>>> print(open('my_file_3.tsv').read())   # TSV, C-alpha atoms
chain	number	residue	atom	x	y	z
L	1	MET	CA	-7.88	-2.37	-15.54
L	2	ASP	CA	-4.47	-1.31	-16.79
L	3	PRO	CA	-4.38	-0.39	-20.49
L	4	ALA	CA	-2.74	-2.79	-22.97
L	5	PHE	CA	1.06	-2.69	-22.97
L	6	ASN	CA	2.29	-3.07	-26.55
L	7	PHE	CA	4.77	-0.19	-26.98
L	8	CYS	CA	7.64	1.21	-24.92
L	9	SER	CA	6.44	4.38	-23.19
L	10	ALA	CA	10.02	5.72	-23.23
L	11	CYS	CA	11.03	5.26	-26.92
L	12	GLY	CA	7.88	4.03	-28.72
L	13	ALA	CA	9.32	0.72	-30.00
L	14	GLN	CA	7.33	-2.51	-29.65
L	15	VAL	CA	7.90	-4.30	-26.34
L	16	LYS	CA	8.05	-8.04	-25.75
L	17	LEU	CA	6.92	-10.03	-22.74
L	18	THR	CA	9.96	-11.82	-21.34
L	19	ILE	CA	11.70	-12.70	-18.06
L	20	PRO	CA	14.67	-10.33	-17.68
L	21	PRO	CA	18.05	-11.78	-16.54
L	22	GLY	CA	18.08	-12.20	-12.75
L	23	ASP	CA	14.30	-11.87	-12.55
L	24	SER	CA	11.67	-14.60	-12.19
L	25	LEU	CA	8.57	-12.89	-13.61
L	26	LEU	CA	7.41	-11.86	-17.07
L	27	ARG	CA	7.92	-8.14	-17.74
L	28	HIS	CA	7.32	-5.87	-20.71
L	29	VAL	CA	10.85	-5.25	-22.00
L	30	CYS	CA	12.03	-2.90	-24.75
L	31	ASP	CA	14.87	-4.29	-26.89
L	32	ALA	CA	15.41	-0.88	-28.50
L	33	CYS	CA	16.17	1.15	-25.35
L	34	GLN	CA	16.51	-1.71	-22.79
L	35	THR	CA	13.80	-0.31	-20.50
L	36	ILE	CA	12.09	-2.88	-18.28
L	37	HIS	CA	8.50	-1.80	-17.55
L	38	TYR	CA	7.24	-2.97	-14.16
L	39	SER	CA	3.61	-3.04	-13.13
L	40	ASN	CA	2.76	-3.12	-9.42
L	41	PRO	CA	-0.33	-3.26	-7.17
L	42	LYS	CA	-2.28	-0.08	-6.55
L	43	LEU	CA	-3.38	1.33	-3.20
L	44	VAL	CA	-7.03	2.33	-2.78
L	45	VAL	CA	-7.32	4.52	0.32
L	46	GLY	CA	-10.33	5.86	2.17
L	47	ALA	CA	-11.98	6.77	5.45
L	48	LEU	CA	-14.81	5.63	7.68
L	49	PRO	CA	-16.18	9.01	8.88
L	50	VAL	CA	-18.01	8.74	12.22
L	51	TRP	CA	-20.48	11.24	13.73
L	52	GLY	CA	-21.80	10.11	17.10
L	53	ASP	CA	-23.24	6.63	16.53
L	54	GLN	CA	-23.56	7.18	12.78
L	55	VAL	CA	-21.25	6.68	9.81
L	56	LEU	CA	-21.19	8.58	6.51
L	57	LEU	CA	-21.80	6.58	3.34
L	58	CYS	CA	-21.79	7.78	-0.29
L	59	ARG	CA	-23.93	6.44	-3.15
L	60	ARG	CA	-21.75	5.98	-6.23
L	61	ALA	CA	-22.39	8.09	-9.32
L	62	ILE	CA	-19.79	6.14	-11.33
L	63	GLU	CA	-19.05	2.61	-12.41
L	64	PRO	CA	-18.26	0.08	-11.11
L	65	ARG	CA	-21.23	-0.35	-8.76
L	66	HIS	CA	-23.13	2.75	-9.88
L	67	GLY	CA	-25.93	3.42	-7.36
L	68	LYS	CA	-24.40	1.30	-4.58
L	69	TRP	CA	-23.24	2.66	-1.23
L	70	THR	CA	-19.62	2.95	-0.18
L	71	LEU	CA	-17.15	4.80	2.03
L	72	PRO	CA	-15.20	7.69	0.50
L	73	ALA	CA	-12.11	6.06	-1.04
L	74	GLY	CA	-10.08	6.02	-4.22
L	75	PHE	CA	-6.70	5.48	-5.84
L	76	MET	CA	-3.79	6.98	-3.93
L	77	GLU	CA	-1.89	9.54	-6.05
L	78	ASN	CA	1.84	10.00	-6.51
L	79	GLY	CA	3.29	12.60	-4.16
L	80	GLU	CA	0.90	12.08	-1.25
L	81	SER	CA	0.94	10.05	1.97
L	82	VAL	CA	-1.60	7.31	2.72
L	83	ALA	CA	-3.21	9.60	5.33
L	84	ALA	CA	-3.37	12.53	2.89
L	85	ALA	CA	-5.05	10.28	0.32
L	86	ALA	CA	-7.81	9.33	2.81
L	87	ILE	CA	-8.46	13.00	3.64
L	88	ARG	CA	-8.42	14.04	-0.04
L	89	GLU	CA	-10.81	11.29	-1.14
L	90	THR	CA	-13.23	12.22	1.66
L	91	ALA	CA	-13.09	15.86	0.58
L	92	GLU	CA	-13.62	14.96	-3.10
L	93	GLU	CA	-16.43	12.43	-2.74
L	94	ALA	CA	-18.26	13.76	0.33
L	95	CYS	CA	-17.04	17.41	0.51
L	96	ALA	CA	-16.38	16.51	4.15
L	97	ARG	CA	-13.67	17.45	6.65
L	98	ILE	CA	-12.36	14.69	8.90
L	99	ALA	CA	-9.79	14.08	11.63
L	100	LEU	CA	-8.08	10.78	10.90
L	101	GLY	CA	-7.89	8.17	13.64
L	102	GLU	CA	-6.27	4.75	13.57
L	103	MET	CA	-6.04	2.61	10.46
L	104	SER	CA	-8.98	0.21	10.46
L	105	THR	CA	-8.35	-2.34	7.71
L	106	MET	CA	-5.74	-3.17	5.10
L	107	ILE	CA	-7.15	-5.71	2.66
L	108	SER	CA	-5.20	-7.35	-0.17
L	109	LEU	CA	-7.07	-8.24	-3.35
L	110	PRO	CA	-4.40	-10.16	-5.28
L	111	HIS	CA	-6.73	-11.13	-8.14
L	112	ILE	CA	-7.06	-7.46	-9.10
L	113	SER	CA	-3.63	-6.35	-7.76
L	114	GLN	CA	-5.09	-3.84	-5.32
L	115	VAL	CA	-4.63	-3.14	-1.60
L	116	HIS	CA	-7.50	-1.31	0.14
L	117	VAL	CA	-6.69	0.75	3.23
L	118	ILE	CA	-9.43	2.39	5.34
L	119	TYR	CA	-8.85	4.77	8.28
L	120	LEU	CA	-11.23	5.41	11.12
L	121	ALA	CA	-12.09	9.12	11.09
L	122	GLU	CA	-14.06	11.67	13.02
L	123	LEU	CA	-16.39	13.82	10.94
L	124	LEU	CA	-15.63	17.41	11.98
L	125	ASP	CA	-18.95	19.03	10.99
L	126	LEU	CA	-22.19	18.28	9.14
L	127	ASP	CA	-21.44	20.46	6.09
L	128	PHE	CA	-20.95	17.48	3.79
L	129	ALA	CA	-22.33	17.26	0.26
L	130	ALA	CA	-22.19	14.96	-2.76
L	131	GLY	CA	-19.00	15.32	-4.80
L	132	GLU	CA	-18.84	14.70	-8.58
L	133	GLU	CA	-18.60	10.92	-8.19
L	134	THR	CA	-21.40	10.75	-5.61
L	135	LEU	CA	-25.19	10.64	-6.26
L	136	ASP	CA	-26.23	11.03	-2.66
L	137	LEU	CA	-24.77	10.70	0.83
L	138	ARG	CA	-26.06	10.47	4.37
L	139	LEU	CA	-25.34	9.35	7.91
L	140	PHE	CA	-26.42	5.84	8.87
L	141	SER	CA	-26.79	4.23	12.28
L	142	GLU	CA	-25.81	0.55	12.40
L	143	ALA	CA	-29.45	-0.55	12.07
L	144	GLU	CA	-29.91	1.59	8.97
L	145	ILE	CA	-26.87	0.38	6.98
L	146	PRO	CA	-28.03	-0.96	3.58
L	147	TRP	CA	-25.93	-4.14	3.88
L	148	ASP	CA	-27.21	-5.62	0.60
L	149	GLU	CA	-26.45	-2.41	-1.26
L	150	ILE	CA	-22.80	-1.94	-0.24
L	151	ALA	CA	-20.62	-1.48	-3.34
L	152	PHE	CA	-17.53	-3.50	-2.39
L	153	ARG	CA	-16.67	-6.47	-0.16
L	154	THR	CA	-13.76	-4.55	1.40
L	155	ILE	CA	-16.14	-1.79	2.51
L	156	HIS	CA	-18.70	-4.32	3.77
L	157	LEU	CA	-16.00	-6.06	5.85
L	158	THR	CA	-14.62	-2.78	7.19
L	159	LEU	CA	-18.09	-1.65	8.31
L	160	LYS	CA	-18.84	-5.04	9.93
L	161	HIS	CA	-15.56	-4.91	11.87
L	162	PHE	CA	-16.17	-1.31	12.91
L	163	PHE	CA	-19.57	-2.07	14.47
L	164	GLU	CA	-18.27	-5.28	16.10
L	165	ASP	CA	-15.32	-3.39	17.58
L	166	ARG	CA	-17.57	-0.59	18.79
L	167	ARG	CA	-19.80	-3.07	20.62
L	168	ARG	CA	-16.70	-4.58	22.25
L	169	GLY	CA	-15.45	-1.08	23.09
L	170	GLN	CA	-12.05	-1.77	21.52
L	171	PHE	CA	-10.87	-1.01	17.98
L	172	GLN	CA	-8.40	-3.29	16.28
L	173	PHE	CA	-6.39	-2.87	13.08
L	174	ARG	CA	-6.90	-5.83	10.75
L	175	THR	CA	-4.89	-7.03	7.75
L	176	LEU	CA	-6.89	-9.36	5.54
L	177	GLU	CA	-6.87	-10.96	2.11
L	178	LEU	CA	-9.90	-11.49	-0.12
L	179	LYS	CA	-10.08	-14.15	-2.83
L	180	PRO	CA	-12.17	-13.70	-6.01
L	181	HIS	CA	-15.90	-14.45	-5.71
L	182	ALA	CA	-16.47	-18.22	-6.09
U	1	MET	CA	12.55	5.85	-10.85
U	2	ASP	CA	9.81	5.30	-13.39
U	3	PRO	CA	11.01	5.38	-17.00
U	4	ALA	CA	10.18	8.40	-19.18
U	5	PHE	CA	6.62	8.48	-20.49
U	6	ASN	CA	6.65	9.81	-24.06
U	7	PHE	CA	4.59	7.26	-26.01
U	8	CYS	CA	1.26	5.51	-25.48
U	9	SER	CA	1.95	1.95	-24.31
U	10	ALA	CA	-1.34	0.83	-25.89
U	11	CYS	CA	-1.07	2.25	-29.46
U	12	GLY	CA	2.45	3.76	-29.73
U	13	ALA	CA	1.37	7.35	-30.51
U	14	GLN	CA	2.98	10.29	-28.69
U	15	VAL	CA	1.25	11.20	-25.43
U	16	LYS	CA	0.74	14.67	-24.01
U	17	LEU	CA	0.69	15.77	-20.38
U	18	THR	CA	-2.73	17.28	-19.68
U	19	ILE	CA	-5.49	17.36	-17.06
U	20	PRO	CA	-8.32	15.12	-18.33
U	21	PRO	CA	-11.95	16.37	-18.05
U	22	GLY	CA	-13.26	15.83	-14.52
U	23	ASP	CA	-9.75	15.29	-13.16
U	24	SER	CA	-7.51	17.71	-11.25
U	25	LEU	CA	-4.04	16.30	-11.93
U	26	LEU	CA	-1.76	16.12	-14.96
U	27	ARG	CA	-1.83	12.72	-16.67
U	28	HIS	CA	-0.17	11.26	-19.73
U	29	VAL	CA	-3.03	11.15	-22.25
U	30	CYS	CA	-3.10	9.63	-25.75
U	31	ASP	CA	-5.13	11.64	-28.28
U	32	ALA	CA	-4.93	8.79	-30.78
U	33	CYS	CA	-6.61	6.06	-28.72
U	34	GLN	CA	-7.93	8.17	-25.77
U	35	THR	CA	-6.09	6.12	-23.15
U	36	ILE	CA	-5.34	7.95	-19.91
U	37	HIS	CA	-2.17	6.57	-18.31
U	38	TYR	CA	-2.18	6.78	-14.51
U	39	SER	CA	0.90	6.43	-12.34
U	40	ASN	CA	0.44	5.53	-8.67
U	41	PRO	CA	2.57	4.96	-5.56
U	42	LYS	CA	4.34	1.64	-5.15
U	43	LEU	CA	4.31	-0.62	-2.11
U	44	VAL	CA	7.64	-1.86	-0.75
U	45	VAL	CA	6.98	-4.77	1.61
U	46	GLY	CA	9.26	-6.67	3.95
U	47	ALA	CA	9.75	-8.45	7.26
U	48	LEU	CA	11.61	-8.05	10.52
U	49	PRO	CA	12.65	-11.68	11.21
U	50	VAL	CA	13.23	-12.34	14.90
U	51	TRP	CA	15.16	-15.26	16.46
U	52	GLY	CA	15.25	-15.11	20.26
U	53	ASP	CA	16.60	-11.65	21.11
U	54	GLN	CA	18.20	-11.24	17.68
U	55	VAL	CA	17.00	-9.89	14.34
U	56	LEU	CA	18.12	-10.89	10.84
U	57	LEU	CA	19.69	-8.17	8.67
U	58	CYS	CA	20.94	-8.41	5.10
U	59	ARG	CA	23.85	-6.49	3.53
U	60	ARG	CA	22.80	-5.16	0.14
U	61	ALA	CA	24.55	-6.44	-2.99
U	62	ILE	CA	22.70	-3.93	-5.20
U	63	GLU	CA	22.19	-0.19	-5.53
U	64	PRO	CA	20.91	1.93	-3.96
U	65	ARG	CA	22.91	1.62	-0.72
U	66	HIS	CA	25.21	-1.16	-1.89
U	67	GLY	CA	27.02	-2.58	1.17
U	68	LYS	CA	24.55	-1.17	3.72
U	69	TRP	CA	22.40	-3.29	6.04
U	70	THR	CA	18.64	-3.68	5.69
U	71	LEU	CA	15.67	-5.91	6.40
U	72	PRO	CA	14.49	-8.23	3.62
U	73	ALA	CA	12.02	-6.12	1.59
U	74	GLY	CA	11.16	-5.19	-1.97
U	75	PHE	CA	8.50	-4.10	-4.43
U	76	MET	CA	5.20	-5.92	-4.06
U	77	GLU	CA	4.23	-7.76	-7.28
U	78	ASN	CA	0.90	-7.92	-9.07
U	79	GLY	CA	-1.14	-10.97	-8.08
U	80	GLU	CA	0.12	-11.31	-4.51
U	81	SER	CA	-1.09	-10.16	-1.10
U	82	VAL	CA	0.91	-7.82	1.14
U	83	ALA	CA	1.65	-10.77	3.47
U	84	ALA	CA	2.76	-12.99	0.57
U	85	ALA	CA	5.11	-10.23	-0.62
U	86	ALA	CA	6.82	-10.07	2.80
U	87	ILE	CA	7.30	-13.86	2.85
U	88	ARG	CA	8.57	-13.94	-0.77
U	89	GLU	CA	11.07	-11.10	-0.26
U	90	THR	CA	12.44	-12.81	2.85
U	91	ALA	CA	12.84	-16.05	0.89
U	92	GLU	CA	14.53	-14.26	-2.03
U	93	GLU	CA	16.94	-12.03	-0.12
U	94	ALA	CA	17.68	-14.18	2.94
U	95	CYS	CA	16.64	-17.70	1.76
U	96	ALA	CA	14.75	-17.74	5.07
U	97	ARG	CA	11.43	-19.16	6.19
U	98	ILE	CA	9.30	-17.01	8.49
U	99	ALA	CA	5.94	-17.00	10.25
U	100	LEU	CA	4.43	-13.53	9.86
U	101	GLY	CA	3.21	-11.71	12.95
U	102	GLU	CA	1.54	-8.33	13.21
U	103	MET	CA	2.27	-5.45	10.85
U	104	SER	CA	4.93	-3.27	12.46
U	105	THR	CA	5.16	-0.07	10.39
U	106	MET	CA	3.52	1.51	7.35
U	107	ILE	CA	5.57	4.52	6.28
U	108	SER	CA	4.61	6.92	3.47
U	109	LEU	CA	7.41	8.51	1.43
U	110	PRO	CA	5.45	10.97	-0.72
U	111	HIS	CA	8.58	12.53	-2.29
U	112	ILE	CA	9.36	9.20	-3.98
U	113	SER	CA	5.75	7.95	-4.20
U	114	GLN	CA	6.39	4.84	-2.13
U	115	VAL	CA	4.74	3.23	0.90
U	116	HIS	CA	6.93	0.89	2.97
U	117	VAL	CA	5.24	-1.85	5.00
U	118	ILE	CA	7.17	-4.09	7.40
U	119	TYR	CA	5.76	-7.10	9.27
U	120	LEU	CA	7.08	-8.56	12.49
U	121	ALA	CA	8.05	-12.16	11.80
U	122	GLU	CA	9.39	-15.22	13.56
U	123	LEU	CA	12.37	-16.87	11.91
U	124	LEU	CA	11.47	-20.57	11.69
U	125	ASP	CA	15.00	-22.04	11.47
U	126	LEU	CA	18.63	-20.98	11.07
U	127	ASP	CA	19.05	-22.27	7.50
U	128	PHE	CA	19.25	-18.78	6.02
U	129	ALA	CA	21.71	-17.74	3.32
U	130	ALA	CA	22.48	-14.74	1.14
U	131	GLY	CA	20.17	-14.42	-1.88
U	132	GLU	CA	21.26	-12.85	-5.19
U	133	GLU	CA	20.72	-9.30	-3.95
U	134	THR	CA	22.50	-9.90	-0.63
U	135	LEU	CA	26.27	-9.80	0.08
U	136	ASP	CA	26.05	-11.14	3.58
U	137	LEU	CA	23.49	-11.66	6.35
U	138	ARG	CA	23.52	-12.39	10.06
U	139	LEU	CA	21.60	-12.18	13.30
U	140	PHE	CA	22.14	-9.07	15.45
U	141	SER	CA	21.26	-8.40	19.07
U	142	GLU	CA	20.15	-4.84	19.79
U	143	ALA	CA	23.63	-3.85	21.00
U	144	GLU	CA	25.19	-5.15	17.78
U	145	ILE	CA	22.95	-3.33	15.26
U	146	PRO	CA	25.12	-1.22	12.92
U	147	TRP	CA	22.90	1.87	13.29
U	148	ASP	CA	25.14	4.06	11.12
U	149	GLU	CA	25.19	1.48	8.37
U	150	ILE	CA	21.44	0.93	7.93
U	151	ALA	CA	20.45	1.38	4.27
U	152	PHE	CA	17.12	3.21	4.61
U	153	ARG	CA	15.43	5.54	7.10
U	154	THR	CA	12.26	3.42	7.06
U	155	ILE	CA	14.26	0.37	8.17
U	156	HIS	CA	16.14	2.39	10.81
U	157	LEU	CA	12.81	3.65	12.23
U	158	THR	CA	11.21	0.21	12.15
U	159	LEU	CA	14.15	-1.32	14.04
U	160	LYS	CA	14.14	1.51	16.62
U	161	HIS	CA	10.41	1.04	17.26
U	162	PHE	CA	10.81	-2.73	17.49
U	163	PHE	CA	13.45	-2.56	20.24
U	164	GLU	CA	11.53	0.19	22.11
U	165	ASP	CA	8.34	-1.88	21.97
U	166	ARG	CA	10.17	-5.01	23.10
U	167	ARG	CA	11.53	-3.18	26.14
U	168	ARG	CA	8.00	-2.00	26.96
U	169	GLY	CA	6.71	-5.53	26.41
U	170	GLN	CA	4.03	-4.34	24.00
U	171	PHE	CA	4.14	-4.11	20.22
U	172	GLN	CA	2.27	-1.35	18.42
U	173	PHE	CA	1.47	-0.84	14.74
U	174	ARG	CA	2.61	2.59	13.55
U	175	THR	CA	1.67	4.60	10.47
U	176	LEU	CA	4.18	7.33	9.72
U	177	GLU	CA	5.26	9.74	7.02
U	178	LEU	CA	8.83	10.69	6.15
U	179	LYS	CA	9.80	13.94	4.43
U	180	PRO	CA	12.83	14.21	2.15
U	181	HIS	CA	16.22	14.68	3.83
U	182	ALA	CA	16.69	18.38	4.66
>>> encode(input="my_file_3.tsv", output="structure tokens")
Amino acid sequence: MDPAFNFCSACGAQVKLTIPPGDSLLRHVCDACQTIHYSNPKLVVGALPVWGDQVLLCRRAIEPRHGKWTLPAGFMENGESVAAAAIRETAEEACARIALGEMSTMISLPHISQVHVIYLAELLDLDFAAGEETLDLRLFSEAEIPWDEIAFRTIHLTLKHFFEDRRRGQFQFRTLELKPHA
Amino acid sequence: MDPAFNFCSACGAQVKLTIPPGDSLLRHVCDACQTIHYSNPKLVVGALPVWGDQVLLCRRAIEPRHGKWTLPAGFMENGESVAAAAIRETAEEACARIALGEMSTMISLPHISQVHVIYLAELLDLDFAAGEETLDLRLFSEAEIPWDEIAFRTIHLTLKHFFEDRRRGQFQFRTLELKPHA
């Protein structure tokens, strides 16, 4: 969740919510210094690290979904590429080294203004370990995946597609959109 | 360019630039209300509208690159999907209706903290017209493309790949990274 937007971050005056001239959407606008403050969707980027017929999942040590299993992923930072973000998140959450492959999924979540991007990746060695945001981590074969304990729908979908594609012997990049839970 | 960040947008107090506990990067932090203000890369999303052997380009009526040619594209908005952003930008800048195809390119620009995503698209009719941010627009065959007058390197690359792929008879999604101009 973005913090409340009441004051201009440039000059400190109170902002108002208004549609600027030539625009069609409400923005936080500062009458004192004329700054228009835009807010845009965030990229969450991660990897699906593969070792033989197994994939590496992490059990979350943080909210949301504390205790649930996920792929290493997190908010992309300024100054990095999408690929660099996937490698960094895997290093931070799983202390793991990967070689990135193709992009696997790009899933829009308009109700929370996020876009989740997951790369296929090859795990380079077995010296992984739980990072600060991870309770536990391990390799899972398809039959072992705790499907009812996966933290996020985007990760669930990405894993499902990965195993389907592997059975078919052909990987496919997918762009999808998820609506809010009914 | 993001505006200066001097004051907390939640409570109006002055912020300081510091690395929060458990983090590794400098953030704007408010000591008064404890809000940590994150800044993340922005998605710029657009389309490559195709009509027969021609593509639709728009001449920019705004800075940067006023007067140069580009594909319809712009900042993705909160509350929309990546696909919806491509369709909306094409409607706004070219007053054109498209059917989206596959994603063509996803290009990271870490030096400006942007990610540019362009979809292949089929132009549905010829009732296009210049939107508010467009001086002029027209269909170009490959031989007619004004290569030296293309506004952005990401658009130049996307067009090059499109025509290469069309000659090969096979379209391919590409993820790339561009460094700053030397």
>>> closest_residue(input="my_file_3.tsv", among="U:Phe75, U:Phe163, U:Trp51, U:Trp69", to="chain L", atoms="all atoms listed in the file")
U:Phe75
>>> residues_around(input="my_file_3.tsv", residues="Asn40 of chain L", least_positions_apart="6", cutoff="12 Å", atoms="all atoms listed in the file", output="compact mmCIF listing (two decimals) with C-alpha atoms, in the frame of the given file")
# COMPACT_ATOMS: atom_id res chain seq x y z
CA ASP L 2 -4.47 -1.31 -16.79
CA ARG L 27 7.92 -8.14 -17.74
CA PRO L 110 -4.40 -10.16 -5.28
CA ILE L 112 -7.06 -7.46 -9.10
CA SER L 113 -3.63 -6.35 -7.76
CA GLN L 114 -5.09 -3.84 -5.32
CA VAL L 115 -4.63 -3.14 -1.60
CA ASP U 2 9.81 5.30 -13.39
CA SER U 39 0.90 6.43 -12.34
CA ASN U 40 0.44 5.53 -8.67
CA PRO U 41 2.57 4.96 -5.56
CA LYS U 42 4.34 1.64 -5.15
CA LEU U 43 4.31 -0.62 -2.11
CA VAL U 44 7.64 -1.86 -0.75
CA VAL U 45 6.98 -4.77 1.61
CA GLY U 74 11.16 -5.19 -1.97
CA PHE U 75 8.50 -4.10 -4.43
CA MET U 76 5.20 -5.92 -4.06
CA GLU U 77 4.23 -7.76 -7.28
CA ASN U 78 0.90 -7.92 -9.07
CA GLY U 79 -1.14 -10.97 -8.08
CA GLU U 80 0.12 -11.31 -4.51
CA SER U 81 -1.09 -10.16 -1.10
CA VAL U 82 0.91 -7.82 1.14
CA ALA U 85 5.11 -10.23 -0.62
CA GLN U 114 6.39 4.84 -2.13
>>> atom_distance(input="my_file_3.tsv", atom1="atom CA of Met103 of chain L", atom2="atom CA of Phe152 of chain U")
23.9 Å
>>> closest_residue(input="my_file_3.tsv", among="L:Glu177, L:Glu92, L:Glu63, L:Asp53", to="chain U", atoms="all atoms listed in the file")
L:Glu177
>>> atom_distance(input="my_file_3.tsv", atom1="atom CA of Leu126 of chain U", atom2="atom CA of Gly22 of chain L")
25.4 Å
>>> closest_residue(input="my_file_3.tsv", among="U:Asp31, U:Asp127, U:Asp165, U:Glu102", to="chain L", atoms="all atoms listed in the file")
U:Glu102
>>> atom_distance(input="my_file_3.tsv", atom1="atom CA of Tyr38 of chain L", atom2="atom CA of Leu26 of chain L")
9.4 Å
>>> closest_residue(input="my_file_3.tsv", among="L:Leu178, L:Ile118, L:Ile62, L:Ala83", to="Glu132 of chain L", atoms="only C-alpha atoms")
L:Ile62
>>> closest_residue(input="my_file_3.tsv", among="U:Gly169, U:Pro146, U:Pro49, U:Gly131", to="chain L", atoms="all atoms listed in the file")
U:Gly131
>>> residues_around(input="my_file_3.tsv", residues="His37 of chain U", least_positions_apart="6", cutoff="9 Å", atoms="all atoms listed in the file", output="list in words")
Asp2 and Pro3 of chain L; Cys8, Ser9, Arg27, His28, Val29 and Cys30 of chain U
>>> write_last_selection(input="my_file_3.tsv", atoms="C-alpha atoms", output="PDB file, keeping the file's coordinate frame")
ATOM      1  CA  ASP L   2      -4.470  -1.310 -16.790  1.00  0.00           C
ATOM      2  CA  PRO L   3      -4.380  -0.390 -20.490  1.00  0.00           C
TER       3      PRO L   3
ATOM      4  CA  CYS U   8       1.260   5.510 -25.480  1.00  0.00           C
ATOM      5  CA  SER U   9       1.950   1.950 -24.310  1.00  0.00           C
ATOM      6  CA  ARG U  27      -1.830  12.720 -16.670  1.00  0.00           C
ATOM      7  CA  HIS U  28      -0.170  11.260 -19.730  1.00  0.00           C
ATOM      8  CA  VAL U  29      -3.030  11.150 -22.250  1.00  0.00           C
ATOM      9  CA  CYS U  30      -3.100   9.630 -25.750  1.00  0.00           C
TER      10      CYS U  30
END
>>> closest_residue(input="my_file_3.tsv", among="L:Leu120, L:Cys58, L:Ile36, L:Lys68", to="Asp148 of chain L", atoms="all atoms listed in the file")
L:Lys68
>>> residues_around(input="my_file_3.tsv", residues="Ala86 of chain U", least_positions_apart="2", cutoff="7 Å", atoms="all atoms listed in the file", output="list in words")
Val45, Gly46, Ala47, Ala73, Val82, Ala83, Ala84, Arg88, Glu89 and Thr90 of chain U
>>> write_last_selection(input="my_file_3.tsv", atoms="C-alpha atoms", output="PDB file, keeping the file's coordinate frame")
ATOM      1  CA  VAL U  45       6.980  -4.770   1.610  1.00  0.00           C
ATOM      2  CA  GLY U  46       9.260  -6.670   3.950  1.00  0.00           C
ATOM      3  CA  ALA U  47       9.750  -8.450   7.260  1.00  0.00           C
ATOM      4  CA  ALA U  73      12.020  -6.120   1.590  1.00  0.00           C
ATOM      5  CA  VAL U  82       0.910  -7.820   1.140  1.00  0.00           C
ATOM      6  CA  ALA U  83       1.650 -10.770   3.470  1.00  0.00           C
ATOM      7  CA  ALA U  84       2.760 -12.990   0.570  1.00  0.00           C
ATOM      8  CA  ARG U  88       8.570 -13.940  -0.770  1.00  0.00           C
ATOM      9  CA  GLU U  89      11.070 -11.100  -0.260  1.00  0.00           C
ATOM     10  CA  THR U  90      12.440 -12.810   2.850  1.00  0.00           C
TER      11      THR U  90
END
>>> residues_near_point(input="my_file_3.tsv", point="(13.5, -16.7, 15.0)", cutoff="8 Å", atoms="all atoms listed in the file", output="PyMOL selection string")
chain U and resi 49-52+54-55+98+121-126
>>> residues_around(input="my_file_3.tsv", residues="Leu57 of chain U", least_positions_apart="4", cutoff="7 Å", atoms="only C-alpha atoms", output="list in words")
Trp69, Thr70, Leu71, Leu137, Arg138 and Leu139 of chain U
>>> residues_near_point(input="my_file_3.tsv", point="(-9.2, -9.5, 7.5)", cutoff="9 Å", atoms="all atoms listed in the file", output="PyMOL selection string")
chain L and resi 105-108+157-158+161+174-178
>>> decode(input="my_file_3.tsv", residues="segment 64-81 of chain U", atoms="C-alpha atoms", output="PDB file, in the first residue's frame")
ATOM      1  CA  PRO U  64      11.159  15.136 -25.057  1.00  0.00           C
ATOM      2  CA  ARG U  65      11.890  14.643 -28.775  1.00  0.00           C
ATOM      3  CA  HIS U  66       9.306  17.107 -30.063  1.00  0.00           C
ATOM      4  CA  GLY U  67       8.896  16.561 -33.830  1.00  0.00           C
ATOM      5  CA  LYS U  68      10.441  13.065 -33.840  1.00  0.00           C
ATOM      6  CA  TRP U  69       8.575   9.890 -34.824  1.00  0.00           C
ATOM      7  CA  THR U  70       7.548   7.184 -32.372  1.00  0.00           C
ATOM      8  CA  LEU U  71       5.089   4.385 -31.679  1.00  0.00           C
ATOM      9  CA  PRO U  72       2.062   5.175 -29.511  1.00  0.00           C
ATOM     10  CA  ALA U  73       3.262   4.575 -25.927  1.00  0.00           C
ATOM     11  CA  GLY U  74       3.239   6.176 -22.504  1.00  0.00           C
ATOM     12  CA  PHE U  75       3.330   5.678 -18.756  1.00  0.00           C
ATOM     13  CA  MET U  76       1.149   2.849 -17.495  1.00  0.00           C
ATOM     14  CA  GLU U  77      -1.483   4.086 -15.006  1.00  0.00           C
ATOM     15  CA  ASN U  78      -2.551   2.624 -11.679  1.00  0.00           C
ATOM     16  CA  GLY U  79      -5.583   0.351 -11.994  1.00  0.00           C
ATOM     17  CA  GLU U  80      -4.924  -0.922 -15.515  1.00  0.00           C
ATOM     18  CA  SER U  81      -3.250  -3.991 -17.003  1.00  0.00           C
TER      19      SER U  81
END
